[in-house]
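Structure file data-v3.txt with compact mmCIF, C-alpha atoms:
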```txt
# COMPACT_ATOMS: atom_id res chain seq x y z
CA MET J 1 138.00 117.31 88.57
CA THR J 2 135.71 119.79 90.26
CA GLN J 3 133.64 122.42 88.55
CA ALA J 4 135.77 125.09 90.25
CA SER J 5 138.86 123.82 88.43
CA ILE J 6 137.65 125.27 85.11
CA SER J 7 139.61 128.41 84.37
CA ALA J 8 137.93 130.79 81.96
CA THR J 9 139.71 132.70 79.23
CA SER J 10 138.70 136.34 79.38
CA GLY J 11 139.44 139.63 77.72
CA GLY J 12 141.64 140.37 74.73
CA ASP J 13 141.34 139.43 71.10
CA ALA J 14 142.65 135.85 71.11
CA HIS J 15 143.26 133.52 68.15
CA PHE J 16 142.72 129.76 68.12
CA ASP J 17 142.77 126.97 65.57
CA VAL J 18 139.35 125.66 66.61
CA ILE J 19 136.51 127.18 68.63
CA VAL J 20 133.88 124.76 69.94
CA LEU J 21 130.54 126.17 71.12
CA GLY J 22 128.95 123.80 73.63
CA ALA J 23 130.68 121.77 76.35
CA GLY J 24 128.41 118.74 76.35
CA ALA J 25 129.26 115.20 75.31
CA ALA J 26 129.90 115.94 71.62
CA GLY J 27 131.60 119.28 72.24
CA MET J 28 134.06 118.01 74.82
CA ILE J 29 135.13 114.90 72.92
CA CYS J 30 135.50 116.98 69.76
CA ALA J 31 137.62 119.59 71.56
CA ALA J 32 139.76 116.88 73.19
CA THR J 33 140.31 115.08 69.88
CA ALA J 34 141.32 118.28 68.08
CA GLY J 35 143.53 119.38 70.96
CA GLN J 36 145.35 116.06 71.08
CA ARG J 37 146.14 116.52 67.37
CA GLY J 38 148.07 119.65 68.32
CA ARG J 39 145.33 122.14 67.53
CA ARG J 40 144.85 125.12 69.82
CA VAL J 41 141.24 124.78 70.96
CA LEU J 42 138.85 127.04 72.84
CA LEU J 43 135.70 125.50 74.35
CA ILE J 44 132.89 127.98 75.08
CA ASP J 45 129.72 127.24 77.05
CA HIS J 46 127.02 129.43 78.58
CA ALA J 47 126.32 127.16 81.57
CA THR J 48 127.73 127.57 85.05
CA ARG J 49 127.76 123.79 85.65
CA LEU J 50 129.58 121.52 83.24
CA ALA J 51 127.71 118.88 81.20
CA GLU J 52 124.52 118.87 83.23
CA LYS J 53 122.76 116.61 80.72
CA ILE J 54 125.43 113.95 81.17
CA ARG J 55 125.17 114.27 84.95
CA ILE J 56 121.42 113.58 85.06
CA SER J 57 121.42 110.89 82.37
CA GLY J 58 120.68 107.25 83.06
CA GLY J 59 119.31 107.98 86.52
CA GLY J 60 122.64 109.58 87.40
CA ARG J 61 124.74 106.69 86.07
CA CYS J 62 124.96 107.65 82.38
CA ASN J 63 124.02 105.05 79.79
CA PHE J 64 127.13 106.05 77.85
CA THR J 65 126.86 103.66 74.88
CA ASN J 66 125.31 100.43 73.63
CA LEU J 67 127.01 97.26 72.45
CA ARG J 68 124.58 96.90 69.53
CA VAL J 69 124.94 100.21 67.72
CA GLY J 70 124.05 100.35 64.03
CA PRO J 71 122.56 102.81 61.54
CA GLU J 72 119.16 101.21 62.08
CA ASN J 73 119.13 102.65 65.61
CA TYR J 74 118.86 106.23 64.33
CA LEU J 75 116.19 108.42 62.76
CA SER J 76 117.13 111.07 60.21
CA ARG J 77 115.77 112.55 57.02
CA ASN J 78 119.13 111.41 55.62
CA PRO J 79 119.30 107.86 57.05
CA HIS J 80 122.68 106.85 55.61
CA PHE J 81 124.48 109.87 57.06
CA VAL J 82 125.46 108.14 60.32
CA ARG J 83 127.28 105.19 58.75
CA SER J 84 130.70 106.75 58.25
CA ALA J 85 131.16 108.26 61.71
CA LEU J 86 129.72 105.24 63.55
CA SER J 87 132.05 102.88 61.69
CA ARG J 88 135.15 104.95 62.41
CA TYR J 89 134.54 105.53 66.14
CA THR J 90 132.66 102.58 67.58
CA PRO J 91 131.26 101.66 71.01
CA GLY J 92 134.41 99.58 71.48
CA ASP J 93 136.55 102.68 71.01
CA PHE J 94 134.70 104.58 73.71
CA ILE J 95 134.72 101.55 76.01
CA GLU J 96 138.54 101.49 75.69
CA LEU J 97 138.59 105.14 76.76
CA VAL J 98 136.33 104.40 79.74
CA GLN J 99 138.56 101.51 80.80
CA HIS J 100 141.69 103.65 80.36
CA HIS J 101 140.27 106.07 82.92
CA GLY J 102 139.39 103.30 85.35
CA VAL J 103 135.62 103.82 85.18
CA ARG J 104 133.80 100.68 86.25
CA PHE J 105 130.64 99.86 84.32
CA HIS J 106 128.04 97.15 83.76
CA GLU J 107 125.74 95.93 81.02
CA ARG J 108 121.98 95.95 81.35
CA GLU J 109 119.34 94.59 78.98
CA TRP J 110 119.62 95.23 75.23
CA GLY J 111 123.37 95.94 75.41
CA GLN J 112 123.11 99.15 77.43
CA LEU J 113 126.26 100.15 79.36
CA PHE J 114 126.08 102.21 82.57
CA CYS J 115 128.65 103.50 85.04
CA ASP J 116 128.72 101.47 88.25
CA ASP J 117 129.06 104.59 90.34
CA SER J 118 128.19 107.96 88.82
CA ALA J 119 127.71 109.86 85.56
CA GLN J 120 130.17 112.38 86.99
CA GLN J 121 132.91 109.91 86.06
CA ILE J 122 132.13 110.41 82.35
CA ILE J 123 132.27 114.19 82.82
CA ASP J 124 135.60 113.86 84.63
CA LEU J 125 136.90 111.58 81.85
CA LEU J 126 136.03 114.16 79.20
CA ARG J 127 137.57 116.98 81.25
CA ALA J 128 140.77 114.96 81.61
CA GLU J 129 140.86 114.29 77.86
CA CYS J 130 140.43 118.02 77.22
CA GLU J 131 143.29 118.76 79.61
CA ASP J 132 145.47 116.26 77.76
CA GLY J 133 144.72 118.21 74.60
CA GLY J 134 145.50 121.57 76.17
CA VAL J 135 141.94 122.79 75.59
CA GLU J 136 141.25 126.29 76.92
CA TRP J 137 137.89 127.29 78.37
CA ALA J 138 135.54 130.24 78.40
CA MET J 139 132.79 129.18 80.78
CA PRO J 140 130.34 130.56 81.62
CA ALA J 141 130.34 132.82 78.60
CA THR J 142 127.55 134.44 76.62
CA VAL J 143 127.99 134.56 72.86
CA HIS J 144 126.76 137.89 71.50
CA GLU J 145 127.58 137.55 67.82
CA ILE J 146 129.38 135.34 65.31
CA GLY J 147 131.12 137.07 62.44
CA HIS J 148 132.32 135.46 59.24
CA ALA J 149 135.00 136.68 56.86
CA PRO J 150 135.58 133.84 54.34
CA GLU J 151 138.56 135.58 52.77
CA ALA J 152 140.37 135.83 56.13
CA ALA J 153 141.44 132.16 56.11
CA PRO J 154 143.63 132.22 59.24
CA ALA J 155 140.74 133.65 61.28
CA ARG J 156 137.58 133.43 59.20
CA PHE J 157 135.24 133.14 62.22
CA GLN J 158 134.94 135.78 64.93
CA VAL J 159 133.04 134.99 68.14
CA ASP J 160 132.13 137.96 70.34
CA THR J 161 131.35 137.04 73.95
CA ASP J 162 131.22 138.66 77.35
CA ARG J 163 134.63 137.03 77.91
CA GLY J 164 136.19 138.69 74.91
CA ARG J 165 136.51 138.34 71.17
CA PHE J 166 137.92 135.12 69.74
CA HIS J 167 139.02 134.17 66.22
CA ALA J 168 139.56 130.82 64.50
CA PRO J 169 139.49 129.26 61.02
CA SER J 170 137.30 126.40 62.36
CA LEU J 171 134.06 126.81 64.33
CA VAL J 172 132.21 123.79 65.76
CA ILE J 173 128.58 124.05 66.87
CA ALA J 174 127.89 121.49 69.60
CA THR J 175 125.06 123.29 71.36
CA GLY J 176 122.54 120.44 71.44
CA GLY J 177 118.80 120.50 70.85
CA LEU J 178 115.73 121.72 72.72
CA ALA J 179 115.25 118.82 75.15
CA VAL J 180 115.23 119.66 78.88
CA PRO J 181 115.23 123.48 78.71
CA LYS J 182 115.47 123.73 82.51
CA ILE J 183 119.16 122.80 82.25
CA GLY J 184 119.87 125.33 79.55
CA ALA J 185 118.75 123.86 76.20
CA THR J 186 118.13 126.55 73.58
CA ALA J 187 117.67 126.96 69.83
CA PHE J 188 121.07 128.67 69.54
CA GLY J 189 122.57 126.06 67.20
CA TYR J 190 119.63 126.28 64.82
CA ARG J 191 119.95 130.07 64.70
CA ILE J 192 123.62 129.74 63.76
CA ALA J 193 122.69 127.30 61.00
CA GLY J 194 120.15 129.81 59.74
CA GLN J 195 122.71 132.60 59.85
CA PHE J 196 124.88 130.62 57.43
CA GLY J 197 122.01 129.58 55.19
CA LEU J 198 121.86 125.93 56.25
CA PRO J 199 118.44 124.23 56.29
CA VAL J 200 117.02 122.97 59.59
CA VAL J 201 114.56 120.09 59.89
CA PRO J 202 111.93 121.51 62.33
CA PRO J 203 112.88 120.28 65.83
CA LEU J 204 110.35 118.19 67.77
CA PRO J 205 110.45 116.45 71.16
CA ALA J 206 111.65 112.84 70.88
CA LEU J 207 111.91 109.93 73.30
CA VAL J 208 109.04 111.69 75.02
CA PRO J 209 105.89 110.64 76.93
CA LEU J 210 102.70 110.75 74.86
CA THR J 211 99.39 112.31 75.87
CA LEU J 212 95.98 110.77 75.20
CA SER J 213 92.51 112.12 74.44
CA PRO J 214 90.23 113.02 77.39
CA GLU J 215 87.84 110.14 76.67
CA THR J 216 90.66 107.58 76.83
CA LEU J 217 92.26 109.24 79.84
CA GLU J 218 88.97 109.14 81.73
CA ARG J 219 89.40 105.36 81.98
CA LEU J 220 93.18 105.10 82.17
CA ALA J 221 94.32 108.07 84.30
CA PRO J 222 93.22 106.39 87.58
CA LEU J 223 95.71 103.65 86.69
CA ALA J 224 98.67 106.05 86.73
CA GLY J 225 101.78 104.24 87.89
CA ILE J 226 100.82 100.83 86.50
CA SER J 227 103.45 99.31 84.22
CA LEU J 228 103.17 96.37 81.84
CA GLU J 229 105.33 94.77 79.16
CA VAL J 230 104.12 95.41 75.62
CA GLU J 231 105.25 95.26 72.02
CA ALA J 232 104.90 98.77 70.61
CA HIS J 233 105.35 100.10 67.10
CA CYS J 234 104.36 103.07 64.99
CA ALA J 235 105.62 103.48 61.41
CA GLY J 236 108.88 101.81 62.43
CA PRO J 237 110.43 98.89 64.31
CA VAL J 238 108.75 96.94 67.11
CA PHE J 239 109.98 97.57 70.67
CA ARG J 240 109.26 95.03 73.40
CA GLU J 241 109.68 96.88 76.66
CA ALA J 242 107.63 98.33 79.50
CA ALA J 243 104.82 100.83 79.03
CA LEU J 244 103.73 103.04 81.92
CA VAL J 245 100.31 104.63 82.43
CA THR J 246 100.57 108.27 83.56
CA HIS J 247 98.09 110.96 84.56
CA ARG J 248 98.41 112.45 81.07
CA GLY J 249 98.82 109.37 78.89
CA LEU J 250 101.57 106.83 78.39
CA SER J 251 105.29 106.67 79.09
CA GLY J 252 107.90 104.00 79.83
CA PRO J 253 110.70 102.75 77.55
CA ALA J 254 108.43 101.21 74.89
CA ILE J 255 106.41 104.41 74.53
CA LEU J 256 109.48 106.66 74.49
CA GLN J 257 110.96 104.55 71.71
CA VAL J 258 107.92 104.70 69.44
CA SER J 259 107.26 108.37 70.24
CA SER J 260 110.17 109.35 67.97
CA TYR J 261 108.58 107.48 65.06
CA TRP J 262 105.13 108.88 65.82
CA GLN J 263 106.64 112.37 65.79
CA ALA J 264 108.66 111.74 62.62
CA GLN J 265 105.44 111.29 60.69
CA THR J 266 105.05 115.07 60.97
CA TYR J 267 107.69 115.42 58.26
CA VAL J 268 105.67 113.35 55.79
CA GLN J 269 102.42 114.53 54.25
CA GLY J 270 99.28 112.64 55.20
CA GLU J 271 97.70 111.46 58.44
CA ARG J 272 99.80 110.03 61.22
CA GLN J 273 99.54 106.31 61.78
CA PRO J 274 98.28 105.42 65.25
CA LEU J 275 100.37 103.80 67.95
CA SER J 276 99.96 100.01 68.09
CA LEU J 277 100.39 98.03 71.31
CA ASN J 278 100.42 94.26 71.69
CA LEU J 279 99.30 93.86 75.30
CA LEU J 280 100.15 90.14 75.40
CA PRO J 281 103.58 89.81 73.78
CA GLY J 282 104.64 86.22 73.30
CA CYS J 283 101.08 84.96 73.70
CA ASP J 284 98.68 83.75 71.01
CA ALA J 285 95.77 85.80 72.32
CA GLN J 286 93.19 84.18 70.04
CA ALA J 287 94.14 80.62 70.96
CA TRP J 288 94.19 81.50 74.66
CA LEU J 289 90.78 83.18 74.65
CA LEU J 290 89.17 80.41 72.60
CA SER J 291 90.58 77.78 74.95
CA ASN J 292 88.70 79.57 77.74
CA ALA J 293 85.51 80.15 75.75
CA GLN J 294 83.38 78.01 78.10
CA ALA J 295 84.72 79.57 81.30
CA ARG J 296 82.31 81.32 83.66
CA SER J 297 84.85 83.87 84.76
CA LEU J 298 84.47 87.46 83.63
CA LEU J 299 86.71 88.52 80.76
CA PRO J 300 88.51 91.14 82.95
CA ASN J 301 89.29 88.43 85.51
CA LEU J 302 90.71 86.13 82.84
CA LEU J 303 92.87 88.92 81.42
CA ALA J 304 94.10 89.66 84.95
CA GLU J 305 95.98 86.35 84.76
CA ARG J 306 98.34 88.00 82.27
CA LEU J 307 97.83 91.76 82.82
CA PRO J 308 97.77 93.94 85.94
CA ARG J 309 94.29 93.45 87.39
CA ARG J 310 93.27 97.10 87.51
CA PHE J 311 94.52 97.63 83.96
CA ALA J 312 92.59 94.59 82.70
CA GLN J 313 89.40 95.88 84.30
CA ALA J 314 89.79 99.42 82.93
CA TRP J 315 90.75 98.19 79.45
CA CYS J 316 87.67 95.97 79.27
CA GLU J 317 85.42 98.79 80.48
CA LEU J 318 86.95 101.10 77.87
CA HIS J 319 85.78 98.67 75.18
CA GLY J 320 82.55 97.51 76.80
CA TRP J 321 83.78 93.94 77.26
CA THR J 322 82.88 92.91 80.81
CA LYS J 323 80.71 89.77 80.40
CA PRO J 324 81.60 86.22 81.46
CA MET J 325 83.67 84.36 78.87
CA ASN J 326 80.90 81.84 78.07
CA GLN J 327 78.61 84.65 76.94
CA TYR J 328 80.85 85.68 74.03
CA ARG J 329 80.57 84.17 70.56
CA HIS J 330 83.78 82.90 69.00
CA THR J 331 83.72 85.75 66.48
CA GLU J 332 83.60 88.23 69.39
CA LEU J 333 86.53 86.52 71.11
CA ARG J 334 88.53 86.75 67.89
CA THR J 335 87.78 90.48 67.76
CA ILE J 336 88.89 90.88 71.39
CA ALA J 337 92.07 88.90 70.65
CA ASP J 338 92.84 91.13 67.68
CA ARG J 339 92.42 94.21 69.86
CA LEU J 340 94.69 92.77 72.56
CA ALA J 341 97.37 92.04 69.97
CA ASN J 342 96.93 95.33 68.13
CA TRP J 343 95.43 97.99 70.41
CA GLN J 344 95.59 101.16 68.37
CA LEU J 345 95.79 104.56 70.00
CA ASN J 346 95.93 108.00 68.46
CA PRO J 347 97.97 110.17 70.86
CA SER J 348 96.73 113.73 71.27
CA GLY J 349 100.32 114.98 71.50
CA THR J 350 103.46 114.79 73.63
CA GLN J 351 104.59 116.22 76.94
CA GLY J 352 106.95 118.49 75.05
CA HIS J 353 110.63 119.34 75.19
CA ALA J 354 110.55 119.65 78.99
CA LYS J 355 109.96 115.89 79.31
CA ALA J 356 111.83 114.75 76.19
CA GLU J 357 115.13 112.90 76.35
CA VAL J 358 116.36 114.30 73.02
CA THR J 359 115.31 116.35 69.99
CA LEU J 360 114.08 115.03 66.65
CA GLY J 361 115.16 117.09 63.65
CA GLY J 362 117.87 119.73 63.62
CA VAL J 363 120.49 120.89 61.14
CA ASP J 364 119.80 119.07 57.88
CA THR J 365 122.60 116.56 57.38
CA HIS J 366 122.21 116.75 53.60
CA ALA J 367 124.11 120.03 54.00
CA LEU J 368 126.98 118.40 55.95
CA SER J 369 129.86 116.05 55.18
CA SER J 370 129.20 112.63 56.72
CA ARG J 371 132.95 112.13 57.16
CA THR J 372 133.93 115.42 58.82
CA MET J 373 130.60 117.06 59.86
CA GLU J 374 131.64 120.19 57.95
CA ALA J 375 129.01 122.35 56.26
CA ARG J 376 129.35 121.81 52.52
CA GLY J 377 128.93 125.45 51.58
CA VAL J 378 130.74 127.04 54.53
CA PRO J 379 134.37 125.88 54.88
CA GLY J 380 135.44 125.63 58.51
CA LEU J 381 131.92 125.43 59.98
CA TYR J 382 131.02 122.12 61.67
CA PHE J 383 128.04 120.69 63.55
CA VAL J 384 128.16 117.72 65.96
CA GLY J 385 125.84 115.83 68.28
CA GLU J 386 122.18 116.49 68.95
CA VAL J 387 122.03 119.82 67.09
CA MET J 388 122.00 117.76 63.88
CA ASP J 389 119.07 115.85 62.40
CA VAL J 390 120.18 112.54 63.92
CA THR J 391 118.13 111.00 66.73
CA GLY J 392 119.02 107.71 68.36
CA HIS J 393 116.88 105.12 70.09
CA LEU J 394 116.73 105.03 73.86
CA GLY J 395 119.59 103.04 75.37
CA GLY J 396 122.93 104.82 74.89
CA TYR J 397 122.64 105.44 71.15
CA ASN J 398 122.51 109.23 71.40
CA PHE J 399 125.67 109.33 73.50
CA GLN J 400 127.39 107.10 70.96
CA TRP J 401 126.39 109.54 68.22
CA ALA J 402 127.91 112.35 70.31
CA TRP J 403 131.19 110.41 70.59
CA SER J 404 131.28 109.33 66.94
CA SER J 405 130.33 112.67 65.41
CA GLY J 406 132.52 114.59 67.84
CA VAL J 407 135.60 112.51 67.10
CA ALA J 408 134.97 112.66 63.32
CA CYS J 409 134.90 116.44 63.55
CA GLY J 410 137.82 116.67 65.97
CA ARG J 411 140.00 114.70 63.54
CA ALA J 412 139.20 117.14 60.74
CA ALA J 413 138.68 120.60 62.23
```

As structure tokens, how would this structure be written, given the file I've shared?
Amino acid sequence: MTQASISATSGGDAHFDVIVLGAGAAGMICAATAGQRGRRVLLIDHATRLAEKIRISGGGRCNFTNLRVGPENYLSRNPHFVRSALSRYTPGDFIELVQHHGVRFHEREWGQLFCDDSAQQIIDLLRAECEDGGVEWAMPATVHEIGHAPEAAPARFQVDTDRGRFHAPSLVIATGGLAVPKIGATAFGYRIAGQFGLPVVPPLPALVPLTLSPETLERLAPLAGISLEVEAHCAGPVFREAALVTHRGLSGPAILQVSSYWQAQTYVQGERQPLSLNLLPGCDAQAWLLSNAQARSLLPNLLAERLPRRFAQAWCELHGWTKPMNQYRHTELRTIADRLANWQLNPSGTQGHAKAEVTLGGVDTHALSSRTMEARGVPGLYFVGEVMDVTGHLGGYNFQWAWSSGVACGRAA
């Protein structure tokens, strides 16, 4: 399917069974699921290009799910919320859909699944599923106002747009979070939640590069581009993946993963715990250093056997440890080993929503049904995908949440 093939509904005062706001991953699979149940569905989106976030994901190949999905792969102020939807629409279910559409894919490390060819194939798959469900489109369309008349059950929601006025008893908000504003991310979904009195966990950038203090950057910034494998953690699980030094701080998969947990500490009173990096994963740093205690080589040169040479030199200079090995006492070597295994950093911040993969926080899921995604106090109003306070790990988990939450809603709306 090409972008030009989308026909937009316009004019009039049309009635539907379900109106979905947001034609991203969650919105499209929700619309398709509802449509294939026989519901008359309208999908509205403000963008001129369909599902841009899917198109750019995974380096253009879309990491569309993960074989190892579980509730432990998600952050939320309501951690058990994800269980129902994830159990009822699994990675295997979406894989069947991918295979049905003839999309070839492959597995990378940690169970991540990517398209062999292009993320556009996932967009085309979702468009085809929407067509099978008879979904109608209003795109691009600007939403001016959402009206609510609870007593008017057949058409309790009214959506006024520049394409016309539309009515439906069910309204689904699938407008995403604040990540990557250059492709159209806005706070629209949070404003709708506020309009209906639903609480919103303050949104923060997640899966995002971290910035460091000027004094730390002074030593590390010249190393920008150097990557090394680490074990990283911060008030959460340990991630063994690559870390990347940047001109502003740290990035790479390991850092993106722990950034969500570092950010989540904002929601809890008290000081944030620092980031902890084990620079020699799989190595007993103390035993290794002590076994080389009589060596004449400089400590940075010894560390360069296991770390990138320039990084080893800069790290040692940062701590003032540049002497030959045989000039350190054993107690000093134990201290150095502890620092190598548990290098603690206090980030100065993040690179913000512009560089974030997803958004932490969102519509408080305590106010939603975990089975249907419906707002408990507003019959017919649903939220799916990233707009909710559910944030997955890096590696296909956020797409799986889009599929699982979207299908759960599509089966109910």

Rank nothing, just name the residue among J:Arg306, J:Arg339, J:His15, J:His46 nearest to Ala155 of chain J, using all atoms listed in the file.
J:His15

Spatial neighbours of Arg108 of chain J, max dist 12 Å, all atoms listed in the file, sep filter under 2 positions, as an NGL selection string
:J and (58 or 63-67 or 105-106 or 110-116 or 395-396)

Spatial neighbours of segment 161-170 of chain J, 7 Å, all atoms listed in the file, chain gap at least 2 places, as a PDB file with C-alpha atoms, in the frame of the given file:
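The file below, selection_24.pdb, is the result:
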```
ATOM      1  CA  THR J   9     139.710 132.700  79.230  1.00  0.00           C
ATOM      2  CA  SER J  10     138.700 136.340  79.380  1.00  0.00           C
ATOM      3  CA  GLY J  11     139.440 139.630  77.720  1.00  0.00           C
ATOM      4  CA  GLY J  12     141.640 140.370  74.730  1.00  0.00           C
ATOM      5  CA  ASP J  13     141.340 139.430  71.100  1.00  0.00           C
ATOM      6  CA  ALA J  14     142.650 135.850  71.110  1.00  0.00           C
ATOM      7  CA  HIS J  15     143.260 133.520  68.150  1.00  0.00           C
ATOM      8  CA  PHE J  16     142.720 129.760  68.120  1.00  0.00           C
ATOM      9  CA  ASP J  17     142.770 126.970  65.570  1.00  0.00           C
ATOM     10  CA  VAL J  18     139.350 125.660  66.610  1.00  0.00           C
ATOM     11  CA  ILE J  19     136.510 127.180  68.630  1.00  0.00           C
ATOM     12  CA  ALA J 138     135.540 130.240  78.400  1.00  0.00           C
ATOM     13  CA  ALA J 141     130.340 132.820  78.600  1.00  0.00           C
ATOM     14  CA  THR J 142     127.550 134.440  76.620  1.00  0.00           C
ATOM     15  CA  VAL J 143     127.990 134.560  72.860  1.00  0.00           C
ATOM     16  CA  HIS J 144     126.760 137.890  71.500  1.00  0.00           C
ATOM     17  CA  ALA J 153     141.440 132.160  56.110  1.00  0.00           C
ATOM     18  CA  PRO J 154     143.630 132.220  59.240  1.00  0.00           C
ATOM     19  CA  ALA J 155     140.740 133.650  61.280  1.00  0.00           C
ATOM     20  CA  ARG J 156     137.580 133.430  59.200  1.00  0.00           C
ATOM     21  CA  PHE J 157     135.240 133.140  62.220  1.00  0.00           C
ATOM     22  CA  GLN J 158     134.940 135.780  64.930  1.00  0.00           C
ATOM     23  CA  VAL J 159     133.040 134.990  68.140  1.00  0.00           C
ATOM     24  CA  VAL J 172     132.210 123.790  65.760  1.00  0.00           C
ATOM     25  CA  GLY J 380     135.440 125.630  58.510  1.00  0.00           C
ATOM     26  CA  LEU J 381     131.920 125.430  59.980  1.00  0.00           C
ATOM     27  CA  ALA J 413     138.680 120.600  62.230  1.00  0.00           C
TER      28      ALA J 413
END
```

I'd like the interatomic distance between atom CA of Arg371 of chain J and atom CA of Val258 of chain J, to a tenth of an Å.
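Distance reported for this atom pair: 28.9 Å.
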
Atom CA of Thr33 of chain J and atom CA of Phe94 of chain J, how far apart in Å?
12.5 Å

Considering only C-alpha atoms, tabulate each residue of segment 219-281 of chain J that lies at most 12 Å from segment 70-78 of chain J along with its nearest interatomic pair and the corresponding distance in Å to one decimal; arrange the rows by chain and ascending residue number and present them as a tab-separated table.
```
residue	atom	partner	partner_atom	distance
J:Ala235	CA	J:Leu75	CA	11.7
J:Gly236	CA	J:Leu75	CA	9.9
J:Pro237	CA	J:Glu72	CA	9.3
J:Val238	CA	J:Asn73	CA	11.9
J:Phe239	CA	J:Asn73	CA	11.6
J:Gln257	CA	J:Asn73	CA	10.4
J:Val258	CA	J:Leu75	CA	11.3
J:Ser259	CA	J:Leu75	CA	11.6
J:Ser260	CA	J:Leu75	CA	8.0
J:Tyr261	CA	J:Leu75	CA	8.0
J:Trp262	CA	J:Leu75	CA	11.5
J:Gln263	CA	J:Leu75	CA	10.8
J:Ala264	CA	J:Leu75	CA	8.2
J:Gln265	CA	J:Arg77	CA	11.0
J:Thr266	CA	J:Arg77	CA	11.7
J:Tyr267	CA	J:Arg77	CA	8.7
J:Val268	CA	J:Arg77	CA	10.2
```

Shell of 10 Å around Tyr89 of chain J, all atoms listed in the file, local chain residues under 3 positions omitted, as a list in words
Ser84, Ala85, Leu86, Gly92, Asp93, Phe94, Gln400, Trp401, Trp403, Ser404, Ser405, Gly406, Val407 and Ala408 of chain J

Long-range neighbours of Val103 of chain J as a VMD selection string, 10 Å cut-off, all atoms listed in the file, 6 positions minimum in chain
chain J and resid 95 97 115 to 119 121 to 122 125

Write out the residues from the selection above, keeping C-alpha atoms, as a compact mmCIF listing (two decimals), keeping the file's coordinate frame.
```txt
# COMPACT_ATOMS: atom_id res chain seq x y z
CA ILE J 95 134.72 101.55 76.01
CA LEU J 97 138.59 105.14 76.76
CA CYS J 115 128.65 103.50 85.04
CA ASP J 116 128.72 101.47 88.25
CA ASP J 117 129.06 104.59 90.34
CA SER J 118 128.19 107.96 88.82
CA ALA J 119 127.71 109.86 85.56
CA GLN J 121 132.91 109.91 86.06
CA ILE J 122 132.13 110.41 82.35
CA LEU J 125 136.90 111.58 81.85
```

Please determine, counting only C-alpha atoms, which residue among J:Tyr328, J:Tyr190, J:Trp343, J:Trp315 has the shortest atom-to-atom distance to Met388 of chain J.
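Residue with the minimum atom-to-atom distance to Met388 of chain J: J:Tyr190.
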
Straight-line distance linking atom CA of Thr322 of chain J with atom CA of Gln294 of chain J, stated in Å to one decimal
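According to the coordinates, atom CA of Thr322 of chain J and atom CA of Gln294 of chain J are separated by 15.2 Å.
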
Which residues come within 9 Å of segment 289-291 of chain J, counting only C-alpha atoms, excluding same-chain residues fewer than 5 positions away, as an MDAnalysis selection string?
chainID J and resid 284 302 325 330 333:334 336:337

Write the residues you've just listed into a file as an mmCIF file, keeping the file's coordinate frame, and include C-alpha atoms for each of them.
```cif
data_model
loop_
_atom_site.group_PDB
_atom_site.id
_atom_site.type_symbol
_atom_site.label_atom_id
_atom_site.label_comp_id
_atom_site.auth_asym_id
_atom_site.auth_seq_id
_atom_site.Cartn_x
_atom_site.Cartn_y
_atom_site.Cartn_z
ATOM 1 C CA ASP J 284 98.680 83.750 71.010
ATOM 2 C CA LEU J 302 90.710 86.130 82.840
ATOM 3 C CA MET J 325 83.670 84.360 78.870
ATOM 4 C CA HIS J 330 83.780 82.900 69.000
ATOM 5 C CA LEU J 333 86.530 86.520 71.110
ATOM 6 C CA ARG J 334 88.530 86.750 67.890
ATOM 7 C CA ILE J 336 88.890 90.880 71.390
ATOM 8 C CA ALA J 337 92.070 88.900 70.650
#
```

Give the answer as one residue: which of J:Leu360, J:Ile226, J:Ile123, J:Ala304 has the shortest atom-to-atom distance to Ala25 of chain J, using all atoms listed in the file?
J:Ile123

Given only C-alpha atoms as the counted atoms, nearest of J:Gly385, J:Gly320, J:Pro274, J:Gly282 to Ala26 of chain J
J:Gly385

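When only C-alpha atoms are used to compute distances to Val208 of chain J, the closest of the residues J:Cys409, J:Val358, J:Leu303, J:Ala295 turns out to be J:Val358.
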
Of the listed residues J:Gly189, J:Pro300, J:Pro379, J:Gly38, that which approaches Leu318 of chain J most closely, counting only C-alpha atoms
J:Pro300
